[in-house]
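Trainee: My structure is stored as start_27.txt, with compact mmCIF, C-alpha atoms.
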# COMPACT_ATOMS: atom_id res chain seq x y z
CA MET A 245 0.00 0.00 0.00
CA ALA A 246 1.48 3.23 -1.11
CA ARG A 247 1.48 5.79 1.58
CA LYS A 248 1.64 9.47 0.91
CA LYS A 249 4.60 11.22 2.40
CA ARG A 250 3.48 13.00 5.50
CA GLU A 251 3.73 16.75 5.26
CA LEU A 252 3.86 19.24 8.06
CA GLN A 253 0.75 21.29 8.08
CA GLU A 254 1.61 24.96 7.51
CA ILE A 255 -0.12 27.69 9.38
CA ASN A 256 -2.00 29.92 7.03
CA ALA A 257 -0.35 33.31 7.24
CA GLY A 258 -2.73 35.00 4.88
CA SER A 259 -4.51 36.91 7.60
CA MET A 260 -1.30 38.12 9.16
CA ALA A 261 -1.31 41.15 6.87
CA ASP A 262 -4.82 42.04 7.98
CA ILE A 263 -3.84 41.91 11.62
CA ALA A 264 -0.78 44.06 11.00
CA PHE A 265 -2.81 46.57 9.03
CA LEU A 266 -5.29 46.79 11.85
CA LEU A 267 -2.52 47.58 14.31
CA LEU A 268 -0.98 50.06 11.91
CA VAL A 269 -4.24 51.94 11.47
CA PHE A 270 -4.76 51.99 15.21
CA PHE A 271 -1.37 53.60 15.78
CA LEU A 272 -1.85 56.05 12.95
CA VAL A 273 -5.08 57.26 14.47
CA THR A 274 -4.09 57.47 18.13
CA THR A 275 -0.67 59.04 17.82
CA THR A 276 0.77 62.30 16.66
CA MET A 277 4.11 63.13 15.18
CA ASP A 278 4.39 66.23 17.29
CA THR A 279 7.49 66.36 19.39
CA SER A 280 7.63 68.73 22.25
CA TRP A 281 10.17 71.36 21.44
CA GLY A 282 9.99 74.80 22.85
CA LEU A 283 11.57 77.76 24.51
CA ALA A 284 12.19 76.91 28.13
CA ARG A 285 11.78 79.84 30.48
CA LYS A 286 11.53 80.40 34.19
CA LEU A 287 8.89 82.74 35.55
CA PRO A 288 9.80 85.07 38.40
CA PRO A 289 8.32 84.09 41.75
CA PRO A 290 5.16 85.95 42.76
CA LEU A 291 5.60 89.37 44.30
CA LEU A 292 5.20 89.49 48.05
CA GLU A 293 3.12 92.14 49.73
CA ASP A 294 5.89 93.88 51.61
CA GLN A 295 8.72 93.15 49.25
CA PRO A 296 11.30 95.93 49.20
CA ASP A 297 11.94 97.54 45.84
CA PRO A 298 14.94 96.10 44.05
CA PRO A 299 17.98 98.39 43.91
CA PRO A 300 17.79 100.76 40.97
CA ILE A 301 19.68 99.83 37.83
CA LYS A 302 21.49 102.45 35.80
CA ASP A 303 19.83 103.29 32.52
CA ARG A 304 22.90 102.39 30.51
CA ASN A 305 22.76 98.83 31.84
CA VAL A 306 19.19 98.21 30.72
CA PHE A 307 18.19 97.23 27.22
CA VAL A 308 14.53 98.12 26.89
CA VAL A 309 12.46 96.22 24.37
CA LEU A 310 8.88 97.33 23.98
CA ALA A 311 6.35 95.58 21.75
CA ASN A 312 3.06 97.30 21.02
CA ALA A 313 -0.32 96.09 19.85
CA ASN A 314 0.58 96.67 16.20
CA ASP A 315 3.50 94.28 16.54
CA GLN A 316 6.09 97.05 16.29
CA LEU A 317 9.26 96.99 18.33
CA LEU A 318 10.73 99.93 20.16
CA VAL A 319 14.27 99.06 21.19
CA GLU A 320 16.11 101.61 23.32
CA GLY A 321 13.88 104.34 21.92
CA GLU A 322 14.35 103.30 18.31
CA LEU A 323 11.92 101.59 16.00
CA LEU A 324 13.55 98.35 14.89
CA SER A 325 12.42 95.39 12.86
CA ILE A 326 12.66 91.91 14.29
CA ASP A 327 15.63 91.08 12.03
CA GLN A 328 17.70 93.88 13.53
CA LEU A 329 17.01 92.90 17.13
CA ARG A 330 19.61 90.16 17.38
CA GLU A 331 22.51 92.37 16.29
CA ALA A 332 21.36 95.21 18.53
CA ALA A 333 21.11 92.88 21.50
CA LYS A 334 24.54 91.38 20.80
CA GLU A 335 26.15 94.79 20.63
CA PHE A 336 24.46 95.76 23.87
CA ILE A 337 25.46 92.60 25.75
CA SER A 338 29.08 92.48 24.65
CA ASN A 339 29.69 96.24 24.26
CA PRO A 340 32.79 95.57 22.15
CA SER A 341 33.95 99.19 21.88
CA ARG A 342 33.21 99.97 25.55
CA LYS A 343 30.85 102.80 24.75
CA GLU A 344 29.61 105.09 27.49
CA THR A 345 26.01 104.50 26.57
CA LEU A 346 26.24 100.72 26.70
CA PRO A 347 26.56 98.64 29.88
CA GLU A 348 29.36 98.79 32.42
CA PHE A 349 31.72 95.96 33.13
CA LYS A 350 32.87 94.43 36.36
CA GLU A 351 35.93 92.23 36.74
CA ILE A 352 34.86 88.88 38.13
CA ASP A 353 36.85 85.74 38.88
CA VAL A 354 35.48 83.03 36.64
CA PRO A 355 36.57 79.42 37.19
CA LEU A 356 38.70 78.09 34.30
CA LEU A 357 38.89 81.50 32.63
CA GLY A 358 40.44 83.68 35.31
CA ARG A 359 39.51 87.33 35.65
CA MET A 360 36.99 88.36 33.05
CA PRO A 361 35.11 91.57 32.51
CA VAL A 362 31.45 90.72 32.94
CA SER A 363 28.81 93.06 31.65
CA LYS A 364 26.15 94.32 34.05
CA GLN A 365 23.55 94.06 31.31
CA VAL A 366 19.87 93.40 31.87
CA ILE A 367 17.34 93.05 29.09
CA SER A 368 13.92 94.34 29.93
CA LEU A 369 11.04 93.09 27.84
CA GLN A 370 7.63 94.62 27.94
CA ASN A 371 4.70 93.80 25.75
CA ASP A 372 1.17 95.00 25.33
CA ASN A 373 -1.94 92.90 25.85
CA GLY A 374 -2.57 93.24 22.12
CA THR A 375 0.86 92.04 21.01
CA SER A 376 0.62 88.83 19.04
CA TYR A 377 2.06 85.69 20.57
CA ASP A 378 4.02 85.13 17.40
CA LEU A 379 5.95 88.38 17.82
CA TYR A 380 6.50 87.67 21.50
CA ILE A 381 8.08 84.33 20.68
CA GLN A 382 10.19 85.89 17.91
CA VAL A 383 11.52 88.48 20.36
CA GLN A 384 12.28 85.83 22.98
CA ASN A 385 13.95 83.76 20.33
CA GLU A 386 16.10 86.59 18.96
CA LEU A 387 17.25 87.57 22.44
CA ALA A 388 18.10 83.97 23.28
CA ALA A 389 19.91 83.71 19.96
CA ALA A 390 21.96 86.81 20.77
CA TYR A 391 23.11 85.22 24.03
CA SER A 392 23.83 81.88 22.44
CA GLU A 393 25.86 83.43 19.61
CA LEU A 394 28.00 85.34 22.09
CA ARG A 395 28.44 82.21 24.17
CA ASP A 396 29.41 80.36 21.03
CA GLU A 397 32.09 82.93 20.20
CA LEU A 398 33.51 82.74 23.70
CA ALA A 399 33.44 78.95 23.72
CA MET A 400 35.26 78.82 20.38
CA GLN A 401 37.83 81.29 21.59
CA LYS A 402 38.53 79.68 24.97
CA PHE A 403 37.76 75.99 24.50
CA GLY A 404 37.93 75.57 20.77
CA MET A 405 34.47 74.15 20.30
CA PRO A 406 30.99 75.60 19.94
CA TYR A 407 28.77 75.94 22.99
CA LYS A 408 26.24 73.41 21.72
CA LYS A 409 29.00 70.85 21.42
CA ILE A 410 30.12 71.44 25.00
CA GLU A 411 26.52 71.05 26.15
CA GLU A 412 26.32 67.73 24.36
CA MET A 413 29.58 66.55 25.85
CA ALA A 414 28.42 67.52 29.33
CA LYS A 415 25.57 65.04 29.01
CA SER A 416 27.89 62.13 28.30
CA GLU A 417 28.77 59.74 31.10
CA GLU A 418 32.53 60.02 31.03
CA GLY A 419 34.19 63.35 31.69
CA GLY A 420 30.88 65.16 31.66
CA GLU A 421 31.85 67.16 34.74
CA LYS A 422 34.72 68.85 32.96
CA TYR A 423 32.35 70.13 30.30
CA ALA A 424 29.75 71.12 32.86
CA GLU A 425 32.39 73.38 34.42
CA MET A 426 33.03 74.95 31.03
CA ILE A 427 29.33 75.65 30.64
CA ASP A 428 29.20 77.27 34.06
CA ALA A 429 32.20 79.45 33.21
CA ILE A 430 30.65 80.62 29.95
CA ARG A 431 27.34 81.28 31.63
CA ASP A 432 29.15 83.34 34.27
CA VAL A 433 30.59 85.57 31.57
CA TYR A 434 27.34 85.88 29.61
CA PRO A 435 24.52 85.35 32.07
CA GLN A 436 21.11 85.38 30.45
CA ARG A 437 19.22 88.17 32.14
CA ILE A 438 15.89 88.72 30.45
CA SER A 439 13.42 90.40 32.71
CA GLU A 440 9.79 90.74 31.81
CA ALA A 441 8.04 93.76 33.18
CA GLU A 442 4.90 93.31 35.22
CA PRO A 443 2.09 93.47 32.65
CA LYS A 444 0.32 96.70 31.95
CA ASP A 445 -1.70 98.08 29.11
CA ILE A 446 0.54 100.37 27.12
CA GLY A 447 -1.84 100.53 24.18
CA GLY A 448 -0.68 101.53 20.77
CA MET B 136 7.29 11.34 -23.90
CA SER B 137 9.02 14.39 -22.70
CA LYS B 138 11.36 14.27 -19.82
CA PHE B 139 10.28 17.57 -18.45
CA LYS B 140 6.67 17.78 -17.59
CA LYS B 141 5.02 20.91 -18.74
CA ASP B 142 3.02 22.95 -16.33
CA ASN B 143 -0.63 22.38 -16.76
CA ASN B 144 -1.99 25.79 -15.95
CA LYS B 145 -1.19 28.39 -18.51
CA GLY B 146 -2.24 31.55 -16.56
CA THR B 147 0.26 33.81 -14.87
CA PRO B 148 1.01 32.79 -11.32
CA ALA B 149 -0.44 34.98 -8.58
CA VAL B 150 1.87 37.51 -7.01
CA SER B 151 3.07 36.19 -3.73
CA THR B 152 1.72 38.14 -0.81
CA ALA B 153 3.78 36.30 1.73
CA SER B 154 6.01 39.30 2.36
CA LEU B 155 3.13 41.70 2.79
CA PRO B 156 2.92 41.20 6.56
CA ASP B 157 6.63 41.96 6.82
CA ILE B 158 6.21 45.23 4.98
CA VAL B 159 3.23 46.25 7.04
CA PHE B 160 4.98 45.34 10.27
CA MET B 161 7.91 47.45 9.23
CA LEU B 162 5.59 50.42 8.72
CA LEU B 163 3.92 49.66 12.02
CA PHE B 164 7.18 49.70 13.93
CA PHE B 165 8.23 52.89 12.23
CA PHE B 166 5.10 54.63 13.40
CA MET B 167 5.27 53.15 16.87
CA VAL B 168 8.79 54.43 17.34
CA THR B 169 8.44 57.89 15.82
CA THR B 170 5.12 58.98 17.24
CA VAL B 171 3.72 59.60 20.66
CA MET B 172 0.26 59.00 22.00
CA ARG B 173 -2.01 61.96 21.48
CA GLU B 174 -2.59 63.68 24.79
CA VAL B 175 -5.90 65.36 24.21
CA ASP B 176 -8.49 66.07 21.57
CA LEU B 177 -7.71 69.56 20.44
CA LYS B 178 -10.74 71.80 20.34
CA ILE B 179 -8.83 74.86 19.28
CA LYS B 180 -6.86 75.87 16.22
CA MET B 181 -3.22 75.28 16.81
CA ASP B 182 -0.58 76.79 14.61
CA GLN B 183 2.49 77.20 16.73
CA PRO B 184 5.08 79.89 16.07
CA GLU B 185 8.57 78.99 14.97
CA ALA B 186 11.76 79.44 16.92
CA SER B 187 15.34 78.27 16.62
CA GLU B 188 16.73 78.45 20.16
CA ILE B 189 14.70 75.55 21.45
CA ASP B 190 15.11 72.72 23.90
CA LYS B 191 13.40 69.39 23.97
CA LEU B 192 10.95 68.58 26.73
CA GLU B 193 12.62 65.58 28.25
CA ASP B 194 10.29 63.78 30.62
CA LYS B 195 6.78 63.66 29.20
CA ALA B 196 5.39 62.38 32.49
CA LEU B 197 6.37 65.60 34.21
CA VAL B 198 4.75 67.98 31.76
CA ASP B 199 1.35 69.62 32.01
CA TYR B 200 -0.15 71.22 28.96
CA ILE B 201 -2.18 74.38 28.63
CA TYR B 202 -3.65 75.08 25.23
CA ILE B 203 -4.72 78.53 24.15
CA GLY B 204 -6.23 79.47 20.82
CA GLU B 205 -9.27 80.22 18.76
CA PRO B 206 -11.98 77.51 19.03
CA MET B 207 -12.22 75.24 16.01
CA ASN B 208 -15.97 75.28 16.06
CA SER B 209 -16.29 79.04 15.76
CA GLU B 210 -20.04 78.95 15.07
CA LEU B 211 -20.63 77.44 18.46
CA TYR B 212 -17.88 78.98 20.57
CA GLY B 213 -17.02 82.23 18.79
CA THR B 214 -13.61 83.38 17.72
CA VAL B 215 -12.28 84.75 21.00
CA PRO B 216 -9.23 82.71 22.07
CA LYS B 217 -10.03 80.18 24.76
CA ILE B 218 -8.06 78.08 27.18
CA GLN B 219 -8.23 74.31 26.96
CA LEU B 220 -7.20 72.06 29.83
CA ASP B 221 -7.28 68.33 29.16
CA ASP B 222 -10.27 67.74 26.91
CA ASP B 223 -12.41 70.72 27.81
CA PHE B 224 -12.52 74.47 27.55
CA ALA B 225 -11.73 76.22 30.77
CA THR B 226 -11.73 79.72 32.14
CA ILE B 227 -8.76 81.60 33.48
CA GLU B 228 -9.88 80.81 37.04
CA ASP B 229 -9.58 77.06 36.42
CA VAL B 230 -5.86 77.23 35.65
CA GLN B 231 -4.70 77.37 39.25
CA ASP B 232 -6.90 74.49 40.39
CA TYR B 233 -5.83 72.42 37.42
CA ILE B 234 -2.13 72.91 38.11
CA ILE B 235 -2.58 72.14 41.80
CA ALA B 236 -4.63 69.03 41.04
CA ARG B 237 -2.07 67.81 38.51
CA ARG B 238 0.73 68.46 40.94
CA ALA B 239 -0.99 66.35 43.59
CA ASP B 240 -1.01 63.40 41.16
CA ARG B 241 2.77 63.27 41.08
CA PRO B 242 5.01 61.74 43.73
CA GLU B 243 6.22 64.35 46.16
CA GLN B 244 9.89 64.24 45.27
CA LEU B 245 9.11 65.02 41.64
CA GLN B 246 6.67 67.86 42.23
CA GLY B 247 9.34 70.50 41.89
CA LYS B 248 10.33 69.25 38.46
CA ILE B 249 7.01 69.71 36.73
CA THR B 250 7.13 71.85 33.61
CA VAL B 251 4.08 73.59 32.23
CA SER B 252 4.05 73.58 28.46
CA LEU B 253 2.14 76.46 26.93
CA LYS B 254 0.83 75.48 23.54
CA VAL B 255 -0.44 78.70 22.10
CA ASP B 256 -1.65 79.55 18.64
CA LYS B 257 0.47 82.23 17.05
CA GLU B 258 -2.47 84.49 16.24
CA THR B 259 -3.37 84.77 19.91
CA LYS B 260 -2.88 88.12 21.62
CA MET B 261 -0.54 88.30 24.58
CA GLY B 262 -3.26 89.46 26.98
CA ILE B 263 -4.64 86.01 27.74
CA VAL B 264 -1.16 84.46 27.78
CA THR B 265 0.04 87.01 30.31
CA GLU B 266 -2.98 86.30 32.51
CA VAL B 267 -2.22 82.58 32.44
CA LYS B 268 1.41 83.28 33.30
CA GLN B 269 0.34 85.40 36.27
CA LYS B 270 -1.84 82.52 37.50
CA LEU B 271 1.05 80.12 37.13
CA ARG B 272 3.28 82.40 39.17
CA LYS B 273 0.69 82.47 41.93
CA VAL B 274 0.76 78.68 42.29
CA GLN B 275 4.55 78.57 42.05
CA ALA B 276 4.53 76.72 38.73
CA LEU B 277 7.55 78.63 37.50
CA LYS B 278 9.09 76.25 35.00
CA ILE B 279 7.39 76.86 31.71
CA ASN B 280 8.01 76.01 28.12
CA TYR B 281 6.62 77.94 25.17
CA SER B 282 5.91 75.19 22.71
CA THR B 283 7.15 76.04 19.22
CA ARG B 284 7.99 74.41 15.97
CA GLU B 285 11.56 74.23 14.87
CA LYS B 286 12.62 77.00 12.54
CA VAL B 287 14.82 76.07 9.63
CA VAL B 288 18.13 77.77 10.22
CA ARG B 289 18.75 80.60 7.83
Would you mind giving the structure from this file in structure tokens?

Mentor:
Amino acid sequence: MARKKRELQEINAGSMADIAFLLLVFFLVTTTMDTSWGLARKLPPPLLEDQPDPPPIKDRNVFVVLANANDQLLVEGELLSIDQLREAAKEFISNPSRKETLPEFKEIDVPLLGRMPVSKQVISLQNDNGTSYDLYIQVQNELAAAYSELRDELAMQKFGMPYKKIEEMAKSEEGGEKYAEMIDAIRDVYPQRISEAEPKDIGG
Amino acid sequence: MSKFKKDNNKGTPAVSTASLPDIVFMLLFFFMVTTVMREVDLKIKMDQPEASEIDKLEDKALVDYIYIGEPMNSELYGTVPKIQLDDDFATIEDVQDYIIARRADRPEQLQGKITVSLKVDKETKMGIVTEVKQKLRKVQALKINYSTREKVVR
């Protein structure tokens, strides 16, 4: 009696594609591509009732940025466009030619870098209730960019690598502390001081 | 009698679909890895501004979101920008309670590390945003993040 050769029964994989498609569609519907990137900021703590007034700051040390309801910028009394803000802020922060009208410097001992002149700059930002959020973010972004470009220049000059690179290195496991010190030193020279005025309606 | 038997069926053989599951699985894994679960159903228009000096929000579990923008259904809700917390519209007074309630959900040692992400439409006026920021200051939620899209570097 001839017997057929026994074959292993195969599992029918035809419906596998359907199952996978089902899963795929589920994930497509329930998820978003959006990644959370943004400008990180720290708000000032709430004002106390009997808080003493902060010591006055000299006019030359303050960089006043006003934004009105028509999305125009008044920077240090001059009407500027958003593209000019970064350069203006950089000149103010670094004061390369040591002008009388731009901020003063104070010699401070900075770890790793020794004695460095550190600017007493403060940037004051004030916006109207009618200012668009878009402009507000652009201003914040340009000011942050001014700081980061100056930090970059200093990092290149002193440590031979851009600031972003040092930040990356600081996150690594080995020798991260060394880079963290570099970051602290650079931040000591160019501290980011953006102060937002208490809100009021300036109209426009 | 030929040595090689000819195939009986003359029609073209069907395309093999055996590798289809593999392809679909590949797509599936791609989407699973690159996307995140949607947090809420957006009821407002959301077109975020662009910025270049941005940081990534690291720990999603320690982020609360506040959405501000024009309602999508403008016939029903008008065009005045509104605040959305979780899945519902809220008023400015609800912000504090929301932040406090969300804070209480987290373990105590992590409560200081909570970031509030402000997802605001770029057409919104600063008035409502400033009000929200004042409320956040009052409840000591000082770490904030203005959510933006990444600007292509010029």

Trainee: Restricting the calculation to only C-alpha atoms, which member of A:Phe307, A:Tyr377, A:Tyr391, A:Phe336 is positioned closest to chain B?

Mentor: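 The closest residue to chain B is A:Tyr377.
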
Trainee: May I ask which of the residues B:Ile218, B:Leu277, B:Met207, B:Val198 is the closest one to chain A, counting all atoms listed in the file?

Mentor: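 Of B:Ile218, B:Leu277, B:Met207, B:Val198, the one nearest chain A is B:Leu277, counting all atoms listed in the file.
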
Trainee: Would you mind listing what lies within 7 Å of Asn371 (chain A) as JSON, numbers by chain, with all atoms listed in the file counted and same-chain residues fewer than 5 positions away left out?

Mentor: {"A": [310, 311, 312]}

Trainee: Can I get the selected residues back with C-alpha atoms, as a JSON list (two decimals), in the frame of the given file?

Mentor:
[["chain", "number", "residue", "atom", "x", "y", "z"],
["A", 310, "LEU", "CA", 8.88, 97.33, 23.98],
["A", 311, "ALA", "CA", 6.35, 95.58, 21.75],
["A", 312, "ASN", "CA", 3.06, 97.30, 21.02]]

Trainee: Counting only C-alpha atoms, which residues from chain B have an atom at most 7 Å from any atom of chain A, and could you show them as number ranges by chain?

Mentor: B: 155-156, 159-160, 163, 166-167, 169-173, 184, 186-192, 257-262, 272-273, 275, 277-284

Trainee: Report the distance between CA of Tyr434 (chain A) and CA of Ala332 (chain A) in Å, rounded to one decimal place.

Mentor: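 Atom-to-atom, CA of Tyr434 (chain A) to CA of Ala332 (chain A), that is 15.7 Å.
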
Trainee: Could you state the separation of CA of Glu251 (chain A) and CA of Phe139 (chain B) in Å, given to one decimal place?

Mentor: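 If I compute the distance from CA of Glu251 (chain A) to CA of Phe139 (chain B), I get 24.6 Å.
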
Trainee: So how far away is CA of Ile438 (chain A) from CA of Lys415 (chain A), in Å?

Mentor: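 So the answer is 25.6 Å.
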
Trainee: Quick one: of A:Arg330, A:Arg342, A:Lys302, A:Arg431, who's nearest to Pro355 (chain A), counting only C-alpha atoms?

Mentor: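 Using only C-alpha atoms, the shortest distance to Pro355 (chain A) belongs to A:Arg431.
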
Trainee: Around all listed atoms of region 300-310 of chain A, padded 6 Å per side, what centre and edge lengths does the axis-aligned box have in Å to one decimal, as JSON?

Mentor:
{"center_x": 15.9, "center_y": 99.8, "center_z": 32.5, "size_x": 26.0, "size_y": 19.1, "size_z": 29.0}

Trainee: With all atoms listed in the file as the atoms that count, which of B:Glu205, B:Glu285, B:Asp223, B:Asp229 lies nearest to Val255 (chain B)?

Mentor: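 Checking each candidate against Val255 (chain B), we get B:Glu205 as the closest.
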
Trainee: Give the answer as one residue: which of A:Gly321, A:Pro347, A:Pro406, A:Pro361 has the shortest atom-to-atom distance to Ile427 (chain A), using all atoms listed in the file?

Mentor: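 The shortest atom-to-atom distance to Ile427 (chain A) comes from A:Pro406.
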